[in-house]
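Text of my_file_31.txt (compact mmCIF, C-alpha atoms) as supplied:
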# COMPACT_ATOMS: atom_id res chain seq x y z
CA MET A 516 -17.84 -0.43 2.72
CA GLU A 517 -16.31 -1.44 6.04
CA THR A 518 -12.57 -1.89 6.16
CA GLY A 519 -10.13 -2.95 8.85
CA PHE A 520 -7.58 -5.61 9.53
CA ASN A 521 -9.83 -7.85 11.60
CA LEU A 522 -12.63 -7.78 9.04
CA ILE A 523 -10.35 -9.37 6.44
CA TYR A 524 -8.71 -11.70 8.92
CA GLU A 525 -9.58 -15.06 7.33
CA GLU A 526 -7.18 -17.72 8.55
CA ARG A 527 -7.37 -16.84 12.25
CA GLU A 528 -3.61 -17.26 12.62
CA ARG A 529 -2.50 -15.49 15.75
CA LEU A 530 0.11 -12.82 15.26
CA MET A 531 2.57 -11.68 17.88
CA ILE A 532 3.68 -8.05 17.47
CA ALA A 533 6.65 -6.61 19.38
CA LEU A 534 6.18 -2.94 20.22
CA ALA A 535 8.82 -0.56 21.51
CA LYS A 536 7.91 0.98 24.86
CA GLY A 537 8.38 4.70 25.32
CA ARG A 538 8.69 7.29 22.57
CA LEU A 539 7.30 5.14 19.73
CA GLN A 540 4.57 3.28 21.58
CA ASN A 541 1.73 5.81 21.30
CA ASP A 542 2.39 6.58 17.63
CA SER A 543 2.59 2.86 16.83
CA LEU A 544 -0.71 2.12 18.57
CA ALA A 545 -2.40 5.05 16.83
CA LEU A 546 -1.25 3.79 13.44
CA LEU A 547 -2.35 0.24 14.24
CA GLU A 548 -5.78 1.57 15.26
CA LYS A 549 -6.09 3.26 11.87
CA ALA A 550 -5.34 -0.14 10.35
CA GLY A 551 -8.20 -1.69 12.35
CA ILE A 552 -6.17 -3.16 15.22
CA VAL A 553 -7.36 -1.74 18.54
CA VAL A 554 -5.92 -2.34 22.01
CA SER A 555 -8.19 -1.44 24.91
CA GLU A 556 -7.25 1.33 27.30
CA GLU A 557 -7.63 -1.13 30.15
CA ALA A 558 -4.94 -3.39 28.68
CA LEU A 559 -2.64 -0.44 28.05
CA GLN A 560 -3.07 0.90 31.59
CA SER A 561 -2.20 -2.46 33.14
CA ARG A 562 1.35 -3.39 34.03
CA ARG A 563 1.24 -6.46 31.79
CA LEU A 564 3.93 -6.72 29.12
CA LEU A 565 1.94 -9.30 27.15
CA ILE A 566 -1.47 -8.02 26.01
CA SER A 567 -3.99 -8.68 23.21
CA ASP A 568 -6.09 -6.55 20.90
CA GLU A 569 -9.85 -6.23 21.43
CA THR A 570 -10.62 -9.23 19.20
CA GLY A 571 -8.18 -11.51 20.99
CA THR A 572 -6.55 -12.53 17.69
CA ILE A 573 -3.38 -10.44 17.93
CA ASP A 574 -0.94 -10.45 20.83
CA PHE A 575 1.55 -7.73 21.73
CA ILE A 576 4.73 -7.80 23.74
CA LEU A 577 5.94 -4.45 25.06
CA VAL A 578 9.72 -4.36 25.25
CA LYS A 579 12.61 -1.93 25.20
CA PRO A 580 13.25 -0.47 21.71
CA VAL A 581 16.66 -2.16 21.40
CA ASP A 582 15.07 -5.56 22.09
CA VAL A 583 12.37 -5.44 19.39
CA PRO A 584 14.63 -6.80 16.59
CA THR A 585 15.84 -9.64 18.83
CA TYR A 586 12.31 -10.84 19.58
CA VAL A 587 11.45 -10.71 15.87
CA GLU A 588 14.67 -12.25 14.56
CA TYR A 589 14.36 -15.22 16.95
CA GLY A 590 10.70 -15.75 16.09
CA ILE A 591 9.19 -14.94 19.49
CA ALA A 592 7.31 -12.15 17.68
CA ASP A 593 6.16 -12.45 14.08
CA VAL A 594 6.46 -8.73 13.42
CA GLY A 595 7.67 -5.65 15.25
CA ILE A 596 7.80 -1.88 15.07
CA CYS A 597 11.06 -0.10 15.87
CA GLY A 598 13.20 2.81 14.76
CA ARG A 599 15.69 2.66 11.90
CA ASP A 600 18.39 3.73 14.38
CA VAL A 601 17.94 0.45 16.26
CA LEU A 602 18.07 -1.53 13.01
CA LEU A 603 21.22 0.21 11.80
CA GLU A 604 22.92 -0.57 15.11
CA SER A 605 21.78 -4.16 15.56
CA GLN A 606 21.60 -5.20 11.88
CA PRO A 607 19.11 -8.04 12.50
CA ASP A 608 18.28 -10.68 9.92
CA VAL A 609 14.65 -9.63 9.31
CA HIS A 610 12.45 -8.34 6.51
CA GLN A 611 11.78 -4.59 6.52
CA PRO A 612 8.75 -4.16 4.23
CA ILE A 613 7.44 -0.73 5.30
CA ASN A 614 8.72 2.65 6.35
CA LEU A 615 5.92 3.63 8.75
CA LYS A 616 6.95 7.31 8.70
CA ILE A 617 6.41 7.82 12.44
CA GLY A 618 8.94 8.66 15.13
CA ALA A 619 11.07 10.82 12.83
CA CYS A 620 14.43 11.81 14.28
CA ARG A 621 18.14 11.97 13.39
CA ILE A 622 21.33 10.26 14.48
CA VAL A 623 23.86 13.07 14.81
CA VAL A 624 27.37 13.96 15.82
CA ALA A 625 27.20 16.72 18.42
CA GLY A 626 29.62 18.57 20.64
CA PRO A 627 30.26 21.73 22.63
CA VAL A 628 29.42 25.00 20.89
CA ALA A 629 33.07 26.07 21.33
CA ALA A 630 34.16 23.19 19.07
CA ARG A 631 32.04 24.41 16.15
CA GLY A 632 33.94 24.46 12.87
CA LYS A 633 37.03 22.65 14.18
CA GLN A 634 38.38 20.07 11.77
CA TYR A 635 39.14 16.53 12.91
CA ASN A 636 42.81 15.90 13.62
CA LYS A 637 43.53 12.56 11.99
CA LEU A 638 46.77 12.26 13.93
CA SER A 639 45.07 12.23 17.33
CA THR A 640 42.29 10.12 18.78
CA LEU A 641 38.84 11.66 19.19
CA ARG A 642 36.85 10.47 22.20
CA VAL A 643 33.23 9.82 21.26
CA ALA A 644 30.49 8.82 23.72
CA THR A 645 27.48 7.00 22.34
CA LYS A 646 24.92 4.24 22.76
CA TYR A 647 25.43 3.41 19.07
CA PRO A 648 28.95 1.90 18.94
CA ARG A 649 28.53 0.12 15.58
CA ILE A 650 27.07 3.15 13.79
CA THR A 651 29.68 5.45 15.35
CA ALA A 652 32.66 3.25 14.53
CA GLN A 653 31.56 2.87 10.91
CA TYR A 654 30.87 6.57 10.46
CA PHE A 655 34.27 7.75 11.66
CA GLN A 656 36.14 4.86 10.03
CA GLU A 657 34.74 5.88 6.65
CA ARG A 658 36.20 9.36 7.27
CA GLY A 659 39.57 8.11 8.42
CA VAL A 660 39.18 9.61 11.90
CA PRO A 661 40.66 7.57 14.78
CA ILE A 662 38.31 7.43 17.76
CA GLU A 663 38.10 6.05 21.25
CA LEU A 664 34.57 4.75 21.74
CA ILE A 665 32.97 5.32 25.12
CA TYR A 666 29.75 3.33 25.47
CA LEU A 667 26.98 4.91 27.53
CA SER A 668 23.44 3.55 27.86
CA GLY A 669 21.85 6.93 28.58
CA SER A 670 22.35 10.63 29.40
CA VAL A 671 24.96 10.81 26.66
CA GLU A 672 24.64 14.62 26.46
CA ILE A 673 26.45 15.10 29.76
CA ALA A 674 29.65 13.37 28.59
CA PRO A 675 31.26 16.39 26.82
CA VAL A 676 30.11 18.73 29.59
CA LEU A 677 32.05 16.71 32.18
CA GLY A 678 35.05 16.14 29.91
CA LEU A 679 34.42 12.45 29.35
CA SER A 680 34.29 12.85 25.57
CA ASP A 681 34.98 15.33 22.78
CA ARG A 682 31.86 14.43 20.80
CA ILE A 683 28.74 12.36 21.12
CA VAL A 684 26.72 10.39 18.60
CA ASP A 685 23.09 10.32 19.66
CA LEU A 686 19.48 10.29 18.53
CA VAL A 687 17.79 13.70 18.51
CA GLU A 688 14.26 14.79 17.71
CA THR A 689 14.16 18.54 18.33
CA GLY A 690 17.69 19.14 19.66
CA ARG A 691 16.38 20.86 22.77
CA THR A 692 18.27 18.61 25.21
CA LEU A 693 21.50 19.26 23.32
CA ARG A 694 21.02 23.02 23.46
CA GLU A 695 20.17 22.95 27.16
CA ASN A 696 23.48 21.20 27.80
CA GLY A 697 25.56 23.61 25.69
CA LEU A 698 25.86 21.27 22.71
CA GLU A 699 24.92 21.57 19.06
CA VAL A 700 24.63 19.30 16.05
CA PHE A 701 27.73 19.22 13.85
CA GLU A 702 26.86 16.43 11.41
CA VAL A 703 23.86 14.24 10.58
CA VAL A 704 24.82 10.58 10.43
CA ALA A 705 21.42 9.19 9.36
CA GLU A 706 17.71 9.92 9.33
CA SER A 707 15.49 7.57 11.32
CA THR A 708 11.79 6.69 11.21
CA ALA A 709 9.93 3.62 12.48
CA ARG A 710 9.91 0.49 10.34
CA LEU A 711 7.74 -2.60 10.31
CA ILE A 712 9.99 -5.64 10.58
CA VAL A 713 8.97 -9.26 9.96
CA ASN A 714 10.51 -12.56 11.03
CA ARG A 715 11.71 -14.43 7.94
CA ALA A 716 9.97 -17.69 8.84
CA SER A 717 6.71 -15.95 9.74
CA TYR A 718 6.85 -14.10 6.43
CA HIS A 719 6.46 -17.48 4.69
CA LEU A 720 4.50 -19.59 7.20
CA LYS A 721 1.93 -16.84 7.89
CA ARG A 722 2.18 -15.14 4.53
CA ALA A 723 -1.53 -14.39 4.09
CA THR A 724 -1.94 -12.88 7.53
CA VAL A 725 1.30 -10.91 7.42
CA SER A 726 0.48 -9.64 3.93
CA LYS A 727 -2.92 -8.41 5.14
CA LEU A 728 -1.28 -6.63 8.05
CA ILE A 729 1.16 -4.93 5.67
CA SER A 730 -1.68 -3.92 3.32
CA SER A 731 -3.76 -2.54 6.21
CA LEU A 732 -0.82 -0.47 7.48
CA GLU A 733 -0.06 0.82 3.99
CA ARG A 734 -3.66 2.01 3.63
CA ALA A 735 -3.46 3.67 7.05
CA LEU A 736 -0.36 5.70 6.20
Go ahead and express the file in the form of structure tokens.
Amino acid sequence: METGFNLIYEERERLMIALAKGRLQNDSLALLEKAGIVVSEEALQSRRLLISDETGTIDFILVKPVDVPTYVEYGIADVGICGRDVLLESQPDVHQPINLKIGACRIVVAGPVAARGKQYNKLSTLRVATKYPRITAQYFQERGVPIELIYLSGSVEIAPVLGLSDRIVDLVETGRTLRENGLEVFEVVAESTARLIVNRASYHLKRATVSKLISSLERAL
């Protein structure tokens, strides 16, 4: 018997899906294809940031990973796919019905190899560079460690090398970039995989369509 999202698509309600460009995009599209939602290679090779699937019933916006929850929370997109790291940092008001189990990585505390095994001095301030200020502040606050947060939007690994920070909190997949910069993982803050997120209004107003999307993705996992 044939299966697939579009074959059980009854109400013809258009869905807008926000996808994270970069690391997660290919894995997300592969999973969606398993669920019966196919985007043509021509559309993917174009420079358009707003594209549709092959049936023309589902639209996609391709945005930076950190922006996916914003588009979903404000209802521009009905659903989105983004990493748990982004959700922990932004804490959006959205439904999170599925762990999609793709894009596995870790949020870690890392530092120079020479600092391995050194205990935190709670009487002095630790300088920590990160693009995750909320996660970082909460993590060290729970341990009673005073920190000076240094926000960086990228290339965080270079901060300890140049003396800008004592530690970094960053997302790692294999740890290769850390090692190549003389750093190593000291602590794991959280595990991260991609999640399907749903706008709260869309979850009710397009319940049948959203539910079918969730069911199709669950079967594809």
Q) In terms of the shortest atom-to-atom distance over all atoms listed in the file, which of A:Thr708, A:Ser567, A:Thr645, A:Asn714 is closest to Asp600 of chain A? A)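 Answer, going by the shortest atom-to-atom distance: A:Thr708.
Here atom CA of Thr640 of chain A and atom CA of Cys620 of chain A stand 28.3 Å from one another.
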(Q) What's around segment 631-635 of chain A at 12 Å? Count all atoms listed in the file, leave out sequence neighbours fewer than 2 positions away in its own chain, and write the answer as a PyMOL selection string. (A) chain A and resi 624-629+637-642+655+658-662+681-682+697-702
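For the choices A:Met531, A:Val713, A:Leu693, A:Ala558, the atom-to-atom distance to Pro607 of chain A is smallest for A:Val713 when using only C-alpha atoms.
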**Q.** Atomic distance atom CA of Gln606 of chain A - atom CA of Ala723 of chain A, expressed in Å with one decimal
**A.** 26.1 Å
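Atom pair atom CA of Glu557 of chain A / atom CA of Asp542 of chain A: separated by 17.8 Å.
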**Q.** Close residues, segment 563-565 of chain A itself excluded, 7 Å, all atoms listed in the file, min 4 positions apart in chain, as an MDAnalysis selection string
**A.** chainID A and resid 575:577
Can you put N, CA and C atoms back into segment 560-585 of chain A and show it as a PDB file, in the coordinates of the input?
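After the write, out.pdb holds the following:
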ATOM      1  N   GLN A 560      -3.301   0.332  30.269  1.00  0.00           N
ATOM      2  CA  GLN A 560      -3.070   0.900  31.590  1.00  0.00           C
ATOM      3  C   GLN A 560      -2.573  -0.147  32.592  1.00  0.00           C
ATOM      4  N   SER A 561      -2.675  -1.412  32.247  1.00  0.00           N
ATOM      5  CA  SER A 561      -2.200  -2.460  33.140  1.00  0.00           C
ATOM      6  C   SER A 561      -0.678  -2.497  33.104  1.00  0.00           C
ATOM      7  N   ARG A 562      -0.104  -3.252  34.000  1.00  0.00           N
ATOM      8  CA  ARG A 562       1.350  -3.390  34.030  1.00  0.00           C
ATOM      9  C   ARG A 562       1.818  -4.635  33.247  1.00  0.00           C
ATOM     10  N   ARG A 563       0.883  -5.260  32.550  1.00  0.00           N
ATOM     11  CA  ARG A 563       1.240  -6.460  31.790  1.00  0.00           C
ATOM     12  C   ARG A 563       2.092  -6.091  30.584  1.00  0.00           C
ATOM     13  N   LEU A 564       3.064  -6.921  30.284  1.00  0.00           N
ATOM     14  CA  LEU A 564       3.930  -6.720  29.120  1.00  0.00           C
ATOM     15  C   LEU A 564       3.487  -7.585  27.944  1.00  0.00           C
ATOM     16  N   LEU A 565       2.526  -8.466  28.192  1.00  0.00           N
ATOM     17  CA  LEU A 565       1.940  -9.300  27.150  1.00  0.00           C
ATOM     18  C   LEU A 565       0.435  -9.031  27.157  1.00  0.00           C
ATOM     19  N   ILE A 566      -0.064  -8.400  26.090  1.00  0.00           N
ATOM     20  CA  ILE A 566      -1.470  -8.020  26.010  1.00  0.00           C
ATOM     21  C   ILE A 566      -2.020  -8.427  24.642  1.00  0.00           C
ATOM     22  N   SER A 567      -3.347  -8.328  24.478  1.00  0.00           N
ATOM     23  CA  SER A 567      -3.990  -8.680  23.210  1.00  0.00           C
ATOM     24  C   SER A 567      -4.841  -7.523  22.718  1.00  0.00           C
ATOM     25  N   ASP A 568      -5.184  -7.567  21.426  1.00  0.00           N
ATOM     26  CA  ASP A 568      -6.090  -6.550  20.900  1.00  0.00           C
ATOM     27  C   ASP A 568      -7.510  -6.899  21.332  1.00  0.00           C
ATOM     28  N   GLU A 569      -8.473  -6.056  20.959  1.00  0.00           N
ATOM     29  CA  GLU A 569      -9.850  -6.230  21.430  1.00  0.00           C
ATOM     30  C   GLU A 569     -10.517  -7.484  20.883  1.00  0.00           C
ATOM     31  N   THR A 570     -10.021  -8.016  19.763  1.00  0.00           N
ATOM     32  CA  THR A 570     -10.620  -9.230  19.200  1.00  0.00           C
ATOM     33  C   THR A 570      -9.988 -10.493  19.770  1.00  0.00           C
ATOM     34  N   GLY A 571      -8.863 -10.347  20.440  1.00  0.00           N
ATOM     35  CA  GLY A 571      -8.180 -11.510  20.990  1.00  0.00           C
ATOM     36  C   GLY A 571      -7.442 -12.334  19.957  1.00  0.00           C
ATOM     37  N   THR A 572      -7.231 -11.788  18.756  1.00  0.00           N
ATOM     38  CA  THR A 572      -6.550 -12.530  17.690  1.00  0.00           C
ATOM     39  C   THR A 572      -5.103 -12.084  17.479  1.00  0.00           C
ATOM     40  N   ILE A 573      -4.730 -10.962  18.093  1.00  0.00           N
ATOM     41  CA  ILE A 573      -3.380 -10.440  17.930  1.00  0.00           C
ATOM     42  C   ILE A 573      -2.802 -10.159  19.322  1.00  0.00           C
ATOM     43  N   ASP A 574      -1.621 -10.669  19.563  1.00  0.00           N
ATOM     44  CA  ASP A 574      -0.940 -10.450  20.830  1.00  0.00           C
ATOM     45  C   ASP A 574       0.171  -9.436  20.652  1.00  0.00           C
ATOM     46  N   PHE A 575       0.475  -8.728  21.728  1.00  0.00           N
ATOM     47  CA  PHE A 575       1.550  -7.730  21.730  1.00  0.00           C
ATOM     48  C   PHE A 575       2.482  -7.999  22.897  1.00  0.00           C
ATOM     49  N   ILE A 576       3.778  -7.852  22.648  1.00  0.00           N
ATOM     50  CA  ILE A 576       4.730  -7.800  23.740  1.00  0.00           C
ATOM     51  C   ILE A 576       5.347  -6.406  23.734  1.00  0.00           C
ATOM     52  N   LEU A 577       5.398  -5.793  24.918  1.00  0.00           N
ATOM     53  CA  LEU A 577       5.940  -4.450  25.060  1.00  0.00           C
ATOM     54  C   LEU A 577       7.338  -4.555  25.640  1.00  0.00           C
ATOM     55  N   VAL A 578       8.329  -4.172  24.858  1.00  0.00           N
ATOM     56  CA  VAL A 578       9.720  -4.360  25.250  1.00  0.00           C
ATOM     57  C   VAL A 578      10.524  -3.088  24.986  1.00  0.00           C
ATOM     58  N   LYS A 579      11.748  -3.051  25.476  1.00  0.00           N
ATOM     59  CA  LYS A 579      12.610  -1.930  25.200  1.00  0.00           C
ATOM     60  C   LYS A 579      12.878  -1.843  23.697  1.00  0.00           C
ATOM     61  N   PRO A 580      13.030  -0.622  23.155  1.00  0.00           N
ATOM     62  CA  PRO A 580      13.250  -0.470  21.710  1.00  0.00           C
ATOM     63  C   PRO A 580      14.392  -1.333  21.170  1.00  0.00           C
ATOM     64  N   VAL A 581      15.501  -1.408  21.902  1.00  0.00           N
ATOM     65  CA  VAL A 581      16.660  -2.160  21.400  1.00  0.00           C
ATOM     66  C   VAL A 581      16.391  -3.653  21.342  1.00  0.00           C
ATOM     67  N   ASP A 582      15.348  -4.126  22.055  1.00  0.00           N
ATOM     68  CA  ASP A 582      15.070  -5.560  22.090  1.00  0.00           C
ATOM     69  C   ASP A 582      14.063  -6.008  21.034  1.00  0.00           C
ATOM     70  N   VAL A 583      13.379  -5.072  20.390  1.00  0.00           N
ATOM     71  CA  VAL A 583      12.370  -5.440  19.390  1.00  0.00           C
ATOM     72  C   VAL A 583      12.958  -6.318  18.279  1.00  0.00           C
ATOM     73  N   PRO A 584      14.091  -5.940  17.651  1.00  0.00           N
ATOM     74  CA  PRO A 584      14.630  -6.800  16.590  1.00  0.00           C
ATOM     75  C   PRO A 584      15.009  -8.190  17.058  1.00  0.00           C
ATOM     76  N   THR A 585      15.463  -8.321  18.297  1.00  0.00           N
ATOM     77  CA  THR A 585      15.840  -9.640  18.830  1.00  0.00           C
ATOM     78  C   THR A 585      14.628 -10.551  18.925  1.00  0.00           C
TER      79      THR A 585
END
